[in-house]
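Raw coords09.txt, compact mmCIF, N, CA and C atoms:
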```
# COMPACT_ATOMS: atom_id res chain seq x y z
N MET A 985 -52.43 120.47 54.60
CA MET A 985 -51.19 119.73 54.71
C MET A 985 -50.03 120.68 54.45
N ALA A 986 -49.06 120.65 55.36
CA ALA A 986 -47.90 121.53 55.23
C ALA A 986 -46.84 120.89 54.35
N ILE A 987 -46.19 121.71 53.59
CA ILE A 987 -45.10 121.21 52.75
C ILE A 987 -43.80 121.41 53.52
N ILE A 988 -43.06 120.31 53.66
CA ILE A 988 -41.77 120.36 54.38
C ILE A 988 -40.66 120.35 53.34
N ALA A 989 -39.77 121.30 53.45
CA ALA A 989 -38.65 121.37 52.51
C ALA A 989 -37.72 120.19 52.75
N GLU A 990 -37.35 119.52 51.69
CA GLU A 990 -36.45 118.37 51.82
C GLU A 990 -35.01 118.85 51.90
N ARG A 991 -34.30 118.24 52.82
CA ARG A 991 -32.87 118.55 52.95
C ARG A 991 -32.09 117.41 52.29
N PRO A 992 -30.94 117.73 51.70
CA PRO A 992 -30.16 116.66 51.06
C PRO A 992 -29.69 115.64 52.09
N LEU A 993 -29.66 114.41 51.68
CA LEU A 993 -29.23 113.32 52.55
C LEU A 993 -27.72 113.37 52.71
N VAL A 994 -27.23 113.34 53.95
CA VAL A 994 -25.80 113.33 54.22
C VAL A 994 -25.36 111.87 54.19
N THR A 995 -24.49 111.53 53.24
CA THR A 995 -24.12 110.12 53.06
C THR A 995 -22.77 109.76 53.64
N SER A 996 -21.95 110.72 53.91
CA SER A 996 -20.64 110.37 54.47
C SER A 996 -20.39 111.19 55.72
N PRO A 997 -19.66 110.59 56.70
CA PRO A 997 -19.47 111.30 57.96
C PRO A 997 -18.64 112.56 57.85
N GLY A 998 -17.88 112.75 56.78
CA GLY A 998 -17.03 113.92 56.68
C GLY A 998 -17.65 115.06 55.89
N SER A 999 -18.88 114.89 55.44
CA SER A 999 -19.43 115.92 54.56
C SER A 999 -20.25 116.94 55.34
N GLY A 1000 -20.18 118.16 54.88
CA GLY A 1000 -21.03 119.24 55.32
C GLY A 1000 -21.17 119.45 56.81
N GLU A 1001 -22.43 119.60 57.21
CA GLU A 1001 -22.74 120.01 58.57
C GLU A 1001 -22.45 118.96 59.62
N TRP A 1002 -22.28 117.71 59.24
CA TRP A 1002 -22.06 116.65 60.21
C TRP A 1002 -20.60 116.46 60.56
N SER A 1003 -19.70 117.14 59.89
CA SER A 1003 -18.27 116.91 60.12
C SER A 1003 -17.87 117.24 61.55
N HIS A 1004 -18.53 118.21 62.19
CA HIS A 1004 -18.18 118.55 63.57
C HIS A 1004 -18.56 117.42 64.53
N CYS A 1005 -19.54 116.62 64.18
CA CYS A 1005 -19.97 115.53 65.06
C CYS A 1005 -18.98 114.38 65.06
N TRP A 1006 -18.29 114.19 63.97
CA TRP A 1006 -17.37 113.06 63.85
C TRP A 1006 -15.95 113.43 64.25
N GLY A 1007 -15.66 114.66 64.44
CA GLY A 1007 -14.33 115.08 64.86
C GLY A 1007 -13.31 115.15 63.74
N PHE A 1008 -13.75 115.23 62.51
CA PHE A 1008 -12.81 115.34 61.41
C PHE A 1008 -12.31 116.77 61.30
N ALA A 1009 -11.03 116.91 61.15
CA ALA A 1009 -10.46 118.25 60.99
C ALA A 1009 -9.84 118.34 59.60
N GLN A 1010 -10.24 119.34 58.89
CA GLN A 1010 -9.69 119.52 57.56
C GLN A 1010 -8.35 120.24 57.66
N LEU A 1011 -7.33 119.65 57.03
CA LEU A 1011 -6.02 120.27 57.04
C LEU A 1011 -5.99 121.46 56.10
N LEU A 1012 -5.19 122.40 56.43
CA LEU A 1012 -5.00 123.54 55.53
C LEU A 1012 -4.32 123.04 54.27
N GLY A 1013 -4.54 123.73 53.18
CA GLY A 1013 -4.04 123.29 51.88
C GLY A 1013 -2.55 123.02 51.85
N ARG A 1014 -1.75 123.95 52.37
CA ARG A 1014 -0.29 123.78 52.33
C ARG A 1014 0.16 122.63 53.21
N ARG A 1015 -0.46 122.49 54.36
CA ARG A 1015 -0.10 121.43 55.30
C ARG A 1015 -0.41 120.06 54.69
N LYS A 1016 -1.56 119.94 54.07
CA LYS A 1016 -1.95 118.68 53.44
C LYS A 1016 -1.02 118.35 52.29
N LEU A 1017 -0.66 119.33 51.50
CA LEU A 1017 0.26 119.12 50.40
C LEU A 1017 1.61 118.64 50.92
N PHE A 1018 2.09 119.23 52.01
CA PHE A 1018 3.36 118.83 52.61
C PHE A 1018 3.31 117.38 53.09
N ILE A 1019 2.25 117.01 53.79
CA ILE A 1019 2.10 115.63 54.29
C ILE A 1019 1.98 114.65 53.13
N ASP A 1020 1.23 115.00 52.10
CA ASP A 1020 1.10 114.14 50.93
C ASP A 1020 2.44 113.96 50.23
N THR A 1021 3.25 115.01 50.19
CA THR A 1021 4.57 114.92 49.57
C THR A 1021 5.47 113.96 50.35
N ILE A 1022 5.43 114.05 51.67
CA ILE A 1022 6.23 113.14 52.50
C ILE A 1022 5.80 111.69 52.27
N LYS A 1023 4.49 111.47 52.22
CA LYS A 1023 3.99 110.12 51.98
C LYS A 1023 4.44 109.60 50.62
N LEU A 1024 4.42 110.46 49.60
CA LEU A 1024 4.83 110.06 48.27
C LEU A 1024 6.31 109.71 48.23
N VAL A 1025 7.13 110.51 48.86
CA VAL A 1025 8.58 110.24 48.90
C VAL A 1025 8.85 108.93 49.63
N ALA A 1026 8.17 108.69 50.75
CA ALA A 1026 8.35 107.45 51.50
C ALA A 1026 7.92 106.24 50.67
N TYR A 1027 6.82 106.37 49.95
CA TYR A 1027 6.36 105.25 49.12
C TYR A 1027 7.33 104.97 47.99
N ARG A 1028 7.88 106.00 47.39
CA ARG A 1028 8.86 105.81 46.31
C ARG A 1028 10.14 105.15 46.82
N ALA A 1029 10.57 105.54 48.02
CA ALA A 1029 11.76 104.91 48.61
C ALA A 1029 11.48 103.44 48.90
N GLU A 1030 10.31 103.16 49.45
CA GLU A 1030 9.93 101.77 49.72
C GLU A 1030 9.89 100.96 48.42
N THR A 1031 9.33 101.54 47.37
CA THR A 1031 9.23 100.86 46.08
C THR A 1031 10.61 100.59 45.49
N ALA A 1032 11.54 101.52 45.65
CA ALA A 1032 12.91 101.30 45.16
C ALA A 1032 13.56 100.14 45.90
N LEU A 1033 13.34 100.04 47.20
CA LEU A 1033 13.88 98.91 47.97
C LEU A 1033 13.22 97.59 47.55
N VAL A 1034 11.92 97.65 47.24
CA VAL A 1034 11.22 96.45 46.79
C VAL A 1034 11.84 95.95 45.48
N GLU A 1035 12.14 96.88 44.58
CA GLU A 1035 12.75 96.48 43.30
C GLU A 1035 14.12 95.84 43.52
N LEU A 1036 14.90 96.34 44.47
CA LEU A 1036 16.19 95.72 44.79
C LEU A 1036 15.99 94.31 45.33
N ALA A 1037 15.01 94.13 46.18
CA ALA A 1037 14.75 92.80 46.76
C ALA A 1037 14.24 91.83 45.72
N ARG A 1038 13.46 92.30 44.76
CA ARG A 1038 12.91 91.41 43.73
C ARG A 1038 13.98 90.85 42.82
N GLU A 1039 15.14 91.49 42.78
CA GLU A 1039 16.24 90.98 41.94
C GLU A 1039 16.66 89.59 42.37
N ILE A 1040 16.55 89.28 43.66
CA ILE A 1040 17.01 87.97 44.12
C ILE A 1040 15.94 87.14 44.82
N MET A 1041 14.75 87.69 45.04
CA MET A 1041 13.69 86.94 45.69
C MET A 1041 12.96 86.06 44.70
N LYS A 1042 12.69 84.83 45.12
CA LYS A 1042 11.96 83.91 44.26
C LYS A 1042 10.46 84.21 44.27
N ARG A 1043 9.92 84.50 45.45
CA ARG A 1043 8.50 84.82 45.59
C ARG A 1043 8.35 86.34 45.65
N SER A 1044 8.15 86.95 44.50
CA SER A 1044 8.14 88.42 44.46
C SER A 1044 6.92 89.02 45.14
N GLY A 1045 5.89 88.21 45.43
CA GLY A 1045 4.72 88.73 46.11
C GLY A 1045 4.97 89.11 47.56
N ASP A 1046 6.03 88.58 48.14
CA ASP A 1046 6.34 88.84 49.54
C ASP A 1046 7.32 90.00 49.74
N THR A 1047 7.76 90.61 48.67
CA THR A 1047 8.82 91.61 48.80
C THR A 1047 8.39 92.85 49.56
N ARG A 1048 7.20 93.35 49.30
CA ARG A 1048 6.78 94.58 49.97
C ARG A 1048 6.64 94.36 51.48
N SER A 1049 6.12 93.22 51.91
CA SER A 1049 6.01 92.96 53.35
C SER A 1049 7.40 92.79 53.98
N LEU A 1050 8.34 92.19 53.24
CA LEU A 1050 9.71 92.08 53.75
C LEU A 1050 10.34 93.46 53.94
N ILE A 1051 10.14 94.34 52.97
CA ILE A 1051 10.71 95.70 53.05
C ILE A 1051 10.06 96.49 54.16
N ARG A 1052 8.75 96.35 54.34
CA ARG A 1052 8.09 97.05 55.45
C ARG A 1052 8.64 96.56 56.80
N GLY A 1053 8.90 95.27 56.88
CA GLY A 1053 9.52 94.74 58.10
C GLY A 1053 10.92 95.28 58.29
N LEU A 1054 11.68 95.41 57.20
CA LEU A 1054 13.04 95.94 57.26
C LEU A 1054 13.03 97.40 57.71
N ILE A 1055 12.08 98.17 57.25
CA ILE A 1055 11.99 99.58 57.62
C ILE A 1055 11.75 99.72 59.12
N HIS A 1056 11.03 98.77 59.71
CA HIS A 1056 10.73 98.83 61.14
C HIS A 1056 11.76 98.08 61.99
N THR A 1057 12.80 97.55 61.37
CA THR A 1057 13.83 96.81 62.10
C THR A 1057 14.74 97.76 62.87
N SER A 1058 15.17 97.32 64.02
CA SER A 1058 16.11 98.11 64.81
C SER A 1058 17.45 98.18 64.10
N ALA A 1059 18.17 99.25 64.35
CA ALA A 1059 19.48 99.44 63.76
C ALA A 1059 20.40 100.11 64.77
N ASN A 1060 21.67 99.81 64.65
CA ASN A 1060 22.70 100.50 65.44
C ASN A 1060 23.33 101.56 64.56
N LEU A 1061 23.49 102.75 65.07
CA LEU A 1061 24.20 103.81 64.35
C LEU A 1061 25.52 104.04 65.05
N ARG A 1062 26.60 103.79 64.34
CA ARG A 1062 27.94 103.93 64.91
C ARG A 1062 28.77 104.88 64.04
N PRO A 1063 28.85 106.14 64.45
CA PRO A 1063 29.65 107.09 63.66
C PRO A 1063 31.14 106.86 63.88
N ASP A 1064 31.89 107.02 62.82
CA ASP A 1064 33.35 106.95 62.86
C ASP A 1064 33.89 108.20 62.15
N PRO A 1065 33.95 109.33 62.89
CA PRO A 1065 34.34 110.59 62.25
C PRO A 1065 35.74 110.55 61.66
N ALA A 1066 36.64 109.79 62.28
CA ALA A 1066 38.01 109.73 61.76
C ALA A 1066 38.04 109.14 60.36
N ALA A 1067 37.20 108.12 60.12
CA ALA A 1067 37.15 107.48 58.80
C ALA A 1067 36.12 108.14 57.89
N GLY A 1068 35.30 109.02 58.45
CA GLY A 1068 34.26 109.69 57.66
C GLY A 1068 33.11 108.75 57.31
N ILE A 1069 32.79 107.82 58.22
CA ILE A 1069 31.75 106.81 57.94
C ILE A 1069 30.72 106.81 59.06
N LEU A 1070 29.46 106.66 58.68
CA LEU A 1070 28.39 106.40 59.63
C LEU A 1070 27.91 104.98 59.38
N ASN A 1071 28.28 104.07 60.28
CA ASN A 1071 27.91 102.67 60.14
C ASN A 1071 26.46 102.49 60.58
N VAL A 1072 25.66 101.92 59.69
CA VAL A 1072 24.26 101.59 59.98
C VAL A 1072 24.17 100.07 59.99
N GLU A 1073 24.03 99.51 61.20
CA GLU A 1073 23.99 98.06 61.36
C GLU A 1073 22.54 97.63 61.53
N LEU A 1074 22.04 96.88 60.55
CA LEU A 1074 20.65 96.41 60.57
C LEU A 1074 20.59 95.05 61.24
N HIS A 1075 19.70 94.91 62.21
CA HIS A 1075 19.57 93.66 62.95
C HIS A 1075 18.97 92.57 62.09
N GLY A 1076 19.25 91.33 62.47
CA GLY A 1076 18.83 90.15 61.72
C GLY A 1076 17.33 90.04 61.52
N GLN A 1077 16.97 89.38 60.44
CA GLN A 1077 15.57 89.17 60.09
C GLN A 1077 15.09 87.81 60.61
N ALA A 1078 13.89 87.44 60.23
CA ALA A 1078 13.26 86.23 60.76
C ALA A 1078 13.94 84.94 60.30
N ASN A 1079 14.55 84.96 59.12
CA ASN A 1079 15.18 83.73 58.62
C ASN A 1079 16.39 84.08 57.77
N SER A 1080 17.14 83.06 57.40
CA SER A 1080 18.38 83.29 56.66
C SER A 1080 18.13 83.80 55.25
N VAL A 1081 17.00 83.44 54.65
CA VAL A 1081 16.68 83.94 53.30
C VAL A 1081 16.48 85.46 53.36
N SER A 1082 15.74 85.91 54.35
CA SER A 1082 15.52 87.35 54.52
C SER A 1082 16.84 88.06 54.82
N ASP A 1083 17.68 87.42 55.62
CA ASP A 1083 19.00 88.00 55.92
C ASP A 1083 19.83 88.18 54.65
N SER A 1084 19.78 87.20 53.75
CA SER A 1084 20.56 87.32 52.51
C SER A 1084 20.00 88.41 51.61
N ILE A 1085 18.69 88.60 51.60
CA ILE A 1085 18.09 89.67 50.81
C ILE A 1085 18.49 91.03 51.38
N VAL A 1086 18.49 91.16 52.70
CA VAL A 1086 18.91 92.41 53.34
C VAL A 1086 20.39 92.67 53.04
N ALA A 1087 21.21 91.61 53.05
CA ALA A 1087 22.63 91.78 52.71
C ALA A 1087 22.79 92.30 51.29
N HIS A 1088 21.98 91.81 50.36
CA HIS A 1088 22.02 92.28 48.97
C HIS A 1088 21.64 93.77 48.90
N ILE A 1089 20.58 94.14 49.62
CA ILE A 1089 20.15 95.53 49.63
C ILE A 1089 21.24 96.42 50.22
N CYS A 1090 21.89 95.97 51.29
CA CYS A 1090 22.98 96.74 51.91
C CYS A 1090 24.13 96.95 50.93
N GLU A 1091 24.49 95.90 50.17
CA GLU A 1091 25.56 96.02 49.18
C GLU A 1091 25.21 97.07 48.13
N GLU A 1092 23.97 97.02 47.65
CA GLU A 1092 23.54 97.98 46.63
C GLU A 1092 23.53 99.41 47.18
N LEU A 1093 23.06 99.58 48.41
CA LEU A 1093 23.03 100.92 49.01
C LEU A 1093 24.44 101.45 49.25
N ASN A 1094 25.37 100.57 49.59
CA ASN A 1094 26.75 101.00 49.83
C ASN A 1094 27.42 101.49 48.55
N THR A 1095 27.00 100.98 47.40
CA THR A 1095 27.60 101.42 46.14
C THR A 1095 27.23 102.87 45.81
N THR A 1096 26.15 103.38 46.42
CA THR A 1096 25.75 104.77 46.13
C THR A 1096 26.65 105.79 46.82
N GLU A 1097 27.37 105.36 47.86
CA GLU A 1097 28.27 106.24 48.63
C GLU A 1097 27.56 107.53 49.06
N THR A 1098 26.42 107.36 49.67
CA THR A 1098 25.59 108.48 50.13
C THR A 1098 26.16 109.07 51.41
N THR A 1099 26.20 110.40 51.48
CA THR A 1099 26.62 111.05 52.72
C THR A 1099 25.39 111.45 53.51
N TYR A 1100 25.51 111.35 54.83
CA TYR A 1100 24.40 111.73 55.70
C TYR A 1100 24.23 113.25 55.63
N PRO A 1101 23.00 113.72 55.42
CA PRO A 1101 22.77 115.17 55.27
C PRO A 1101 23.28 115.97 56.47
N GLY A 1102 23.94 117.06 56.18
CA GLY A 1102 24.45 117.95 57.23
C GLY A 1102 25.79 117.52 57.79
N THR A 1103 26.33 116.41 57.30
CA THR A 1103 27.64 115.94 57.77
C THR A 1103 28.49 115.56 56.56
N ASN A 1104 29.70 115.14 56.85
CA ASN A 1104 30.55 114.60 55.78
C ASN A 1104 30.71 113.09 55.95
N LEU A 1105 29.79 112.46 56.71
CA LEU A 1105 29.87 111.03 56.97
C LEU A 1105 29.16 110.24 55.87
N ARG A 1106 29.88 109.27 55.32
CA ARG A 1106 29.32 108.40 54.29
C ARG A 1106 28.59 107.24 54.97
N LEU A 1107 27.39 106.93 54.49
CA LEU A 1107 26.60 105.84 55.07
C LEU A 1107 27.16 104.49 54.62
N LYS A 1108 27.34 103.60 55.59
CA LYS A 1108 27.79 102.24 55.29
C LYS A 1108 26.81 101.28 55.97
N PHE A 1109 26.05 100.54 55.17
CA PHE A 1109 25.03 99.63 55.69
C PHE A 1109 25.62 98.24 55.87
N THR A 1110 25.37 97.65 57.04
CA THR A 1110 25.87 96.31 57.34
C THR A 1110 24.76 95.51 58.01
N PRO A 1111 24.46 94.32 57.46
CA PRO A 1111 23.47 93.48 58.14
C PRO A 1111 24.13 92.73 59.30
N ILE A 1112 23.43 92.66 60.41
CA ILE A 1112 23.93 91.87 61.55
C ILE A 1112 23.09 90.60 61.58
N ARG A 1113 23.70 89.51 61.27
CA ARG A 1113 22.98 88.24 61.26
C ARG A 1113 23.04 87.61 62.64
N SER A 1114 22.02 86.83 62.96
CA SER A 1114 21.97 86.20 64.27
C SER A 1114 23.12 85.24 64.47
N SER A 1115 23.70 84.72 63.40
CA SER A 1115 24.83 83.80 63.52
C SER A 1115 26.12 84.52 63.92
N SER A 1116 26.13 85.88 63.83
CA SER A 1116 27.35 86.63 64.16
C SER A 1116 27.44 86.97 65.63
N PHE A 1117 26.40 86.60 66.43
CA PHE A 1117 26.42 86.86 67.86
C PHE A 1117 26.94 85.64 68.61
N PRO A 1118 27.69 85.85 69.68
CA PRO A 1118 28.12 84.71 70.49
C PRO A 1118 26.91 84.02 71.12
N ALA A 1119 27.06 82.74 71.43
CA ALA A 1119 25.97 81.98 72.02
C ALA A 1119 25.52 82.63 73.33
N GLY A 1120 24.22 82.70 73.53
CA GLY A 1120 23.66 83.26 74.76
C GLY A 1120 23.47 84.76 74.74
N GLN A 1121 23.94 85.44 73.71
CA GLN A 1121 23.78 86.89 73.63
C GLN A 1121 22.51 87.21 72.86
N ASP A 1122 21.67 88.07 73.42
CA ASP A 1122 20.43 88.45 72.75
C ASP A 1122 20.71 89.36 71.57
N VAL A 1123 19.85 89.26 70.58
CA VAL A 1123 19.97 90.11 69.40
C VAL A 1123 19.25 91.40 69.64
```
Can you give me the file's structure in the form of structure tokens?
Amino acid sequence: MAIIAERPLVTSPGSGEWSHCWGFAQLLGRRKLFIDTIKLVAYRAETALVELAREIMKRSGDTRSLIRGLIHTSANLRPDPAAGILNVELHGQANSVSDSIVAHICEELNTTETTYPGTNLRLKFTPIRSSSFPAGQDV
């Protein structure tokens, strides 16, 4: 009877010799660190917005989903170089409660008087509510 050498069991698709079969590519150390840093900064910014929304939201469990929706909302960018302002107009949300929360966040962000990087334009956030459009005009 021949003795067959036992090979270790591969338990995950990304480990060892099987990684080429699954198409996983290992990022270089610096590149992975850079991507992880971007993700961390984005998460911290999202969390700061969640905390602003929780100040006035009754159901605090819904705040993170509201903020994620806000991050994906369309916006108009209207620079006004003469006044030194970059107007950021955020489009209306699904309901008036969400619109009021976004208005609160805009007020808080405007108090920071942040300038857009690389310019001398100060960011001014304005919510555009669906009630501010004339009848028949799409949002």
| Counting only C-alpha atoms, the option among A:Leu1017, A:Cys1090, A:Ala1059, A:Ala1037 closest to His1075 in chain A |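 Once distances to His1075 in chain A are computed over only C-alpha atoms, the minimum belongs to A:Ala1059.
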| said: One decimal, in Å: what's the spacing between CA of Pro1063 in chain A and CA of Glu1097 in chain A? | reply: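 Straight-line distance from CA of Pro1063 in chain A to CA of Glu1097 in chain A works out to 15.1 Å.
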| query | Between CA of Leu1036 in chain A and CA of Asp1083 in chain A, what is the distance, to one decimal in Å? | reply | 13.8 Å
| note | Here atom N of Asn1079 in chain A and CA of Asn1094 in chain A stand apart by 22.2 Å
| request: Quick one: everything within 10 Å of range 1020-1033 of chain A, counting only C-alpha atoms, minus sequence neighbours fewer than 6 positions away in the same chain. Send it as an MDAnalysis selection string. | output: chainID A and resid 1014 1047:1048 1050:1052 1054:1055 1086 1089 1092:1093
| message | Set the distance at 8 Å and use only N, CA and C atoms: which residues neighbour Ala1087 in chain A once local chain neighbours fewer than 4 positions away are removed? I'd like the list as a list in words. | response | Val1081, Ser1082, Asp1083, Glu1091, Glu1092, Leu1093, Phe1109, Thr1110, Pro1111 and Ile1112 of chain A
| query | Could you write out, as a count of residues only, all the residues of range 1026-1089 of chain A that DSSP marks as helix (DSSP H, G or I)? | reply | 35
Around all the atoms of range 1084-1095 of chain A listed in the file, with 4 Å of room on each side, what axis-aligned box do you get, giving centre and edge lengths in Å to one decimal, as lines of an AutoDock Vina configuration file?
```
center_x = 22.8
center_y = 95.0
center_z = 49.8
size_x = 17.5
size_y = 23.7
size_z = 15.9
```
| So which one's closest to Ala1067 in chain A, A:Arg1113, A:Leu1105, A:Arg1015, A:Thr1096? Using all atoms listed in the file, please. |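 Smallest separation from Ala1067 in chain A among the options: A:Leu1105.
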